[in-house]
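Asks: Before anything else, here's the structure in question.
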Number of protein chains: 2
Amino acid sequence: MGERSSQVELLVCTRCRRGDLPDGDCDRPGARLFGAVAALSLADVRVVPVECLSNCNRGCTIALRAPGRWTYVYGELDDGADLDAIRDGTAAYVAAPDGLVPWRDRPAHFRKNCIARIPPMGTL
Amino acid sequence: MGERSSQVELLVCTRCRRGDLPDGDCDRPGARLFGAVAALSLADVRVVPVECLSNCNRGCTIALRAPGRWTYVYGELDDGADLDAIRDGTAAYVAAPDGLVPWRDRPAHFRKNCIARIPPMGTL
C-alpha cells in the first residue's frame with residue numbers, strides 16, 4: 001500500500017447494541033467488536049472506531065472504504081462468531097482495486113448482510 | 001455553491017423494486033423515483049442514477065453525499081408519497097456544511113428510515 005490516504009479503512013460502530021440490550025454505555029457489543037477487530041492486526045487496513053453508523057436495527061455494524069473504491073456497510077455482526085468473515089471479507093476488499101468483490105468471493109455473512117454500498121466519489 | 005467537486009450529490013438507486021414486485025427491468029420503482037427526483041430541480045444538488053445501492057430489502061433508496069460531509073443512506077422511499085421528504089431533507093443536508101442535520105430538522109421519513117451513515121473521508 002502507498003500513503004495512508006490510499007489505505008483501506010475498516011470503520012466499526014462502537015455504539016451498536018445489537019438491538020437486544022437495554023440502554024447504557026457499559027460493554028456495548030459494538031465496542032467489543034471494535035476491540036476484537038483491532039486485535040486481528042489486519043494487513044493494509046486501518047481499523048477506526050465510529051460513534052454510530054446509523055444501522056441501529058441491524059448492528060453490530062462495520063464499513064469498508066478507501067479513496068477510489070466503493071464503500072460497503074455490513075451488519076448483523078457478532079463480536080465473537082463473525083471475526084473470520086470480517087477478516088476474509090476485508091482481505092478480499094483490500095485486494096479489489098475498486099472495492100467490488102465478486103459475489104462468490106464474499107464470506108457468506110457479507111453476502112447475506114450487506115446493508116448498503118456507495119460508489120466512489122467523483123466517478124459518476 | 002462552488003466547483004462541481006464540492007456539490008452535493010443525491011444518488012438514486014434505479015434498480016430498487018421495493019421488494020414487492022417480480023423480477024424484470026420494466027418500470028422499476030427505483031427508476032421512477034429517479035425520474036421524479038430529477039424533475040424536482042433541487043438547488044445546488046446533482047441527482048445521479050446508480051445501479052444498486054445494495055439496500056434491496058428496504059428500497060427505494062437514496063444517498064446524500066458531498067466531499068467533507070457525512071454520507072447518509074435513506075430507504076423505504078415511495079416515488080410518489082415521499083418526494084416532499086426528499087426535497088426538504090435534501091435542502092437541510094445542503095445547508096449543513098458537515099452533512100449533520102439535527103434530528104428535529106429532518107423529515108419524519110428520514111428519521112425513521114435511515115439505513116446507514118458514513119463519516120467523511122480523511123477526518124478520522
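Residues in the C-alpha cells are numbered from 1 in each chain, the chains being A, B, ... in the order shown, and ligands are numbered from 1 in the order shown.
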Please, which residues of chain B lie no more than 7 Å from chain A when the count uses only C-alpha atoms, and can they be set out as a PyMOL selection string?
Replies: chain B and resi 53-55+114-118
Asks: How would the residues just chosen look if you wrote them out with C-alpha atoms as a compact mmCIF listing (two decimals), in the first residue's frame?
Replies:
# COMPACT_ATOMS: atom_id res chain seq x y z
CA LEU B 53 -27.04 0.74 -3.57
CA SER B 54 -27.46 -2.75 -2.02
CA ASN B 55 -30.38 -1.85 0.19
CA CYS B 114 -32.04 5.99 7.90
CA ILE B 115 -30.28 2.90 6.61
CA ALA B 116 -26.69 3.91 7.36
CA ARG B 117 -24.33 6.86 7.54
CA ILE B 118 -20.61 7.11 6.79
Asks: Name the residues of chain B that come out as strand (DSSP E) in a backbone DSSP run; write them as number ranges by chain.
Replies: B: 8-13, 45-50, 62-65, 71-74, 114-118
Asks: Atoms to include: N, CA and C atoms. Write the selected residues as a PDB file, in the first residue's frame.
Replies:
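File part-v6.pdb, as written:
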ATOM      1  N   VAL B   8     -23.262  18.869  -3.629  1.00  0.00           N
ATOM      2  CA  VAL B   8     -23.961  17.738  -3.034  1.00  0.00           C
ATOM      3  C   VAL B   8     -24.486  16.827  -4.147  1.00  0.00           C
ATOM      4  N   GLU B   9     -24.308  15.522  -3.957  1.00  0.00           N
ATOM      5  CA  GLU B   9     -24.880  14.528  -4.863  1.00  0.00           C
ATOM      6  C   GLU B   9     -26.021  13.794  -4.174  1.00  0.00           C
ATOM      7  N   LEU B  10     -27.106  13.630  -4.883  1.00  0.00           N
ATOM      8  CA  LEU B  10     -28.229  12.822  -4.419  1.00  0.00           C
ATOM      9  C   LEU B  10     -28.268  11.584  -5.325  1.00  0.00           C
ATOM     10  N   LEU B  11     -27.784  10.471  -4.792  1.00  0.00           N
ATOM     11  CA  LEU B  11     -27.751   9.236  -5.564  1.00  0.00           C
ATOM     12  C   LEU B  11     -29.095   8.530  -5.427  1.00  0.00           C
ATOM     13  N   VAL B  12     -29.616   8.050  -6.529  1.00  0.00           N
ATOM     14  CA  VAL B  12     -30.890   7.319  -6.514  1.00  0.00           C
ATOM     15  C   VAL B  12     -30.657   5.937  -7.116  1.00  0.00           C
ATOM     16  N   CYS B  13     -30.986   4.907  -6.360  1.00  0.00           N
ATOM     17  CA  CYS B  13     -30.867   3.535  -6.866  1.00  0.00           C
ATOM     18  C   CYS B  13     -31.980   3.284  -7.865  1.00  0.00           C
ATOM     19  N   VAL B  45     -27.806  20.716  -6.108  1.00  0.00           N
ATOM     20  CA  VAL B  45     -27.747  19.264  -5.956  1.00  0.00           C
ATOM     21  C   VAL B  45     -27.651  18.635  -7.336  1.00  0.00           C
ATOM     22  N   ARG B  46     -26.773  17.649  -7.439  1.00  0.00           N
ATOM     23  CA  ARG B  46     -26.700  16.864  -8.663  1.00  0.00           C
ATOM     24  C   ARG B  46     -27.374  15.514  -8.406  1.00  0.00           C
ATOM     25  N   VAL B  47     -28.431  15.222  -9.121  1.00  0.00           N
ATOM     26  CA  VAL B  47     -29.158  13.964  -8.951  1.00  0.00           C
ATOM     27  C   VAL B  47     -28.545  12.926  -9.887  1.00  0.00           C
ATOM     28  N   VAL B  48     -28.098  11.805  -9.309  1.00  0.00           N
ATOM     29  CA  VAL B  48     -27.302  10.841 -10.055  1.00  0.00           C
ATOM     30  C   VAL B  48     -27.927   9.442  -9.957  1.00  0.00           C
ATOM     31  N   PRO B  49     -28.173   8.778 -11.077  1.00  0.00           N
ATOM     32  CA  PRO B  49     -28.668   7.401 -11.008  1.00  0.00           C
ATOM     33  C   PRO B  49     -27.546   6.424 -10.698  1.00  0.00           C
ATOM     34  N   VAL B  50     -27.833   5.445  -9.861  1.00  0.00           N
ATOM     35  CA  VAL B  50     -26.857   4.408  -9.519  1.00  0.00           C
ATOM     36  C   VAL B  50     -27.545   3.055  -9.642  1.00  0.00           C
ATOM     37  N   ILE B  62     -32.058   6.151  -1.526  1.00  0.00           N
ATOM     38  CA  ILE B  62     -31.237   7.276  -1.978  1.00  0.00           C
ATOM     39  C   ILE B  62     -30.034   7.417  -1.039  1.00  0.00           C
ATOM     40  N   ALA B  63     -29.034   8.169  -1.489  1.00  0.00           N
ATOM     41  CA  ALA B  63     -27.927   8.554  -0.622  1.00  0.00           C
ATOM     42  C   ALA B  63     -27.594  10.018  -0.891  1.00  0.00           C
ATOM     43  N   LEU B  64     -27.269  10.720   0.166  1.00  0.00           N
ATOM     44  CA  LEU B  64     -26.818  12.113   0.072  1.00  0.00           C
ATOM     45  C   LEU B  64     -25.355  12.166   0.474  1.00  0.00           C
ATOM     46  N   ARG B  65     -24.550  12.864  -0.341  1.00  0.00           N
ATOM     47  CA  ARG B  65     -23.131  12.944  -0.015  1.00  0.00           C
ATOM     48  C   ARG B  65     -22.492  14.158  -0.678  1.00  0.00           C
ATOM     49  N   THR B  71     -22.022  10.968   4.690  1.00  0.00           N
ATOM     50  CA  THR B  71     -22.933  10.378   3.712  1.00  0.00           C
ATOM     51  C   THR B  71     -24.086   9.722   4.453  1.00  0.00           C
ATOM     52  N   TYR B  72     -25.304   9.956   3.972  1.00  0.00           N
ATOM     53  CA  TYR B  72     -26.492   9.321   4.575  1.00  0.00           C
ATOM     54  C   TYR B  72     -27.244   8.511   3.525  1.00  0.00           C
ATOM     55  N   VAL B  73     -27.654   7.303   3.924  1.00  0.00           N
ATOM     56  CA  VAL B  73     -28.476   6.447   3.064  1.00  0.00           C
ATOM     57  C   VAL B  73     -29.873   6.356   3.672  1.00  0.00           C
ATOM     58  N   TYR B  74     -30.886   6.617   2.861  1.00  0.00           N
ATOM     59  CA  TYR B  74     -32.278   6.512   3.311  1.00  0.00           C
ATOM     60  C   TYR B  74     -33.030   5.505   2.446  1.00  0.00           C
ATOM     61  N   CYS B 114     -33.468   5.855   8.176  1.00  0.00           N
ATOM     62  CA  CYS B 114     -32.039   5.991   7.896  1.00  0.00           C
ATOM     63  C   CYS B 114     -31.436   4.592   7.883  1.00  0.00           C
ATOM     64  N   ILE B 115     -30.836   4.241   6.771  1.00  0.00           N
ATOM     65  CA  ILE B 115     -30.276   2.897   6.606  1.00  0.00           C
ATOM     66  C   ILE B 115     -28.850   2.833   7.137  1.00  0.00           C
ATOM     67  N   ALA B 116     -28.072   3.856   6.877  1.00  0.00           N
ATOM     68  CA  ALA B 116     -26.686   3.909   7.358  1.00  0.00           C
ATOM     69  C   ALA B 116     -26.143   5.318   7.133  1.00  0.00           C
ATOM     70  N   ARG B 117     -25.065   5.619   7.815  1.00  0.00           N
ATOM     71  CA  ARG B 117     -24.331   6.856   7.543  1.00  0.00           C
ATOM     72  C   ARG B 117     -22.842   6.557   7.635  1.00  0.00           C
ATOM     73  N   ILE B 118     -22.060   7.337   6.896  1.00  0.00           N
ATOM     74  CA  ILE B 118     -20.613   7.112   6.788  1.00  0.00           C
ATOM     75  C   ILE B 118     -19.925   8.457   7.012  1.00  0.00           C
TER      76      ILE B 118
END
Asks: As a PDB file with C-alpha atoms, in the first residue's frame, please: the residues near range 89-103 of chain A (cut-off 8 Å, only C-alpha atoms, same-chain neighbours under 2 positions excluded).
Replies:
ATOM      1  CA  VAL A   8      -8.382   0.844   3.327  1.00  0.00           C
ATOM      2  CA  LEU A  10     -12.480  -0.582   8.367  1.00  0.00           C
ATOM      3  CA  LEU A  42      -5.328  -6.972   9.507  1.00  0.00           C
ATOM      4  CA  ALA A  43      -2.758  -6.190   6.808  1.00  0.00           C
ATOM      5  CA  ASP A  44      -3.054  -2.881   4.942  1.00  0.00           C
ATOM      6  CA  VAL A  45      -6.123  -1.840   6.913  1.00  0.00           C
ATOM      7  CA  LEU A  64     -15.123  -0.817   4.409  1.00  0.00           C
ATOM      8  CA  ARG A  65     -13.865   2.079   2.339  1.00  0.00           C
ATOM      9  CA  GLY A  68     -11.486   5.447  -5.285  1.00  0.00           C
ATOM     10  CA  ARG A  69     -13.355   2.368  -4.049  1.00  0.00           C
ATOM     11  CA  TRP A  70     -16.973   1.516  -3.408  1.00  0.00           C
ATOM     12  CA  THR A  71     -17.895   1.759   0.280  1.00  0.00           C
ATOM     13  CA  ALA A  85     -15.979 -13.344   7.984  1.00  0.00           C
ATOM     14  CA  ILE A  86     -14.649  -9.881   8.759  1.00  0.00           C
ATOM     15  CA  ARG A  87     -11.045 -10.985   8.265  1.00  0.00           C
ATOM     16  CA  ASP A 105     -15.660 -14.498  -3.204  1.00  0.00           C
ATOM     17  CA  ARG A 106     -17.501 -12.817  -0.334  1.00  0.00           C
ATOM     18  CA  PRO A 107     -17.949 -14.578   3.010  1.00  0.00           C
ATOM     19  CA  PHE A 110     -21.259 -10.496   3.914  1.00  0.00           C
ATOM     20  CA  ARG A 111     -23.498 -11.878   1.156  1.00  0.00           C
TER      21      ARG A 111
END
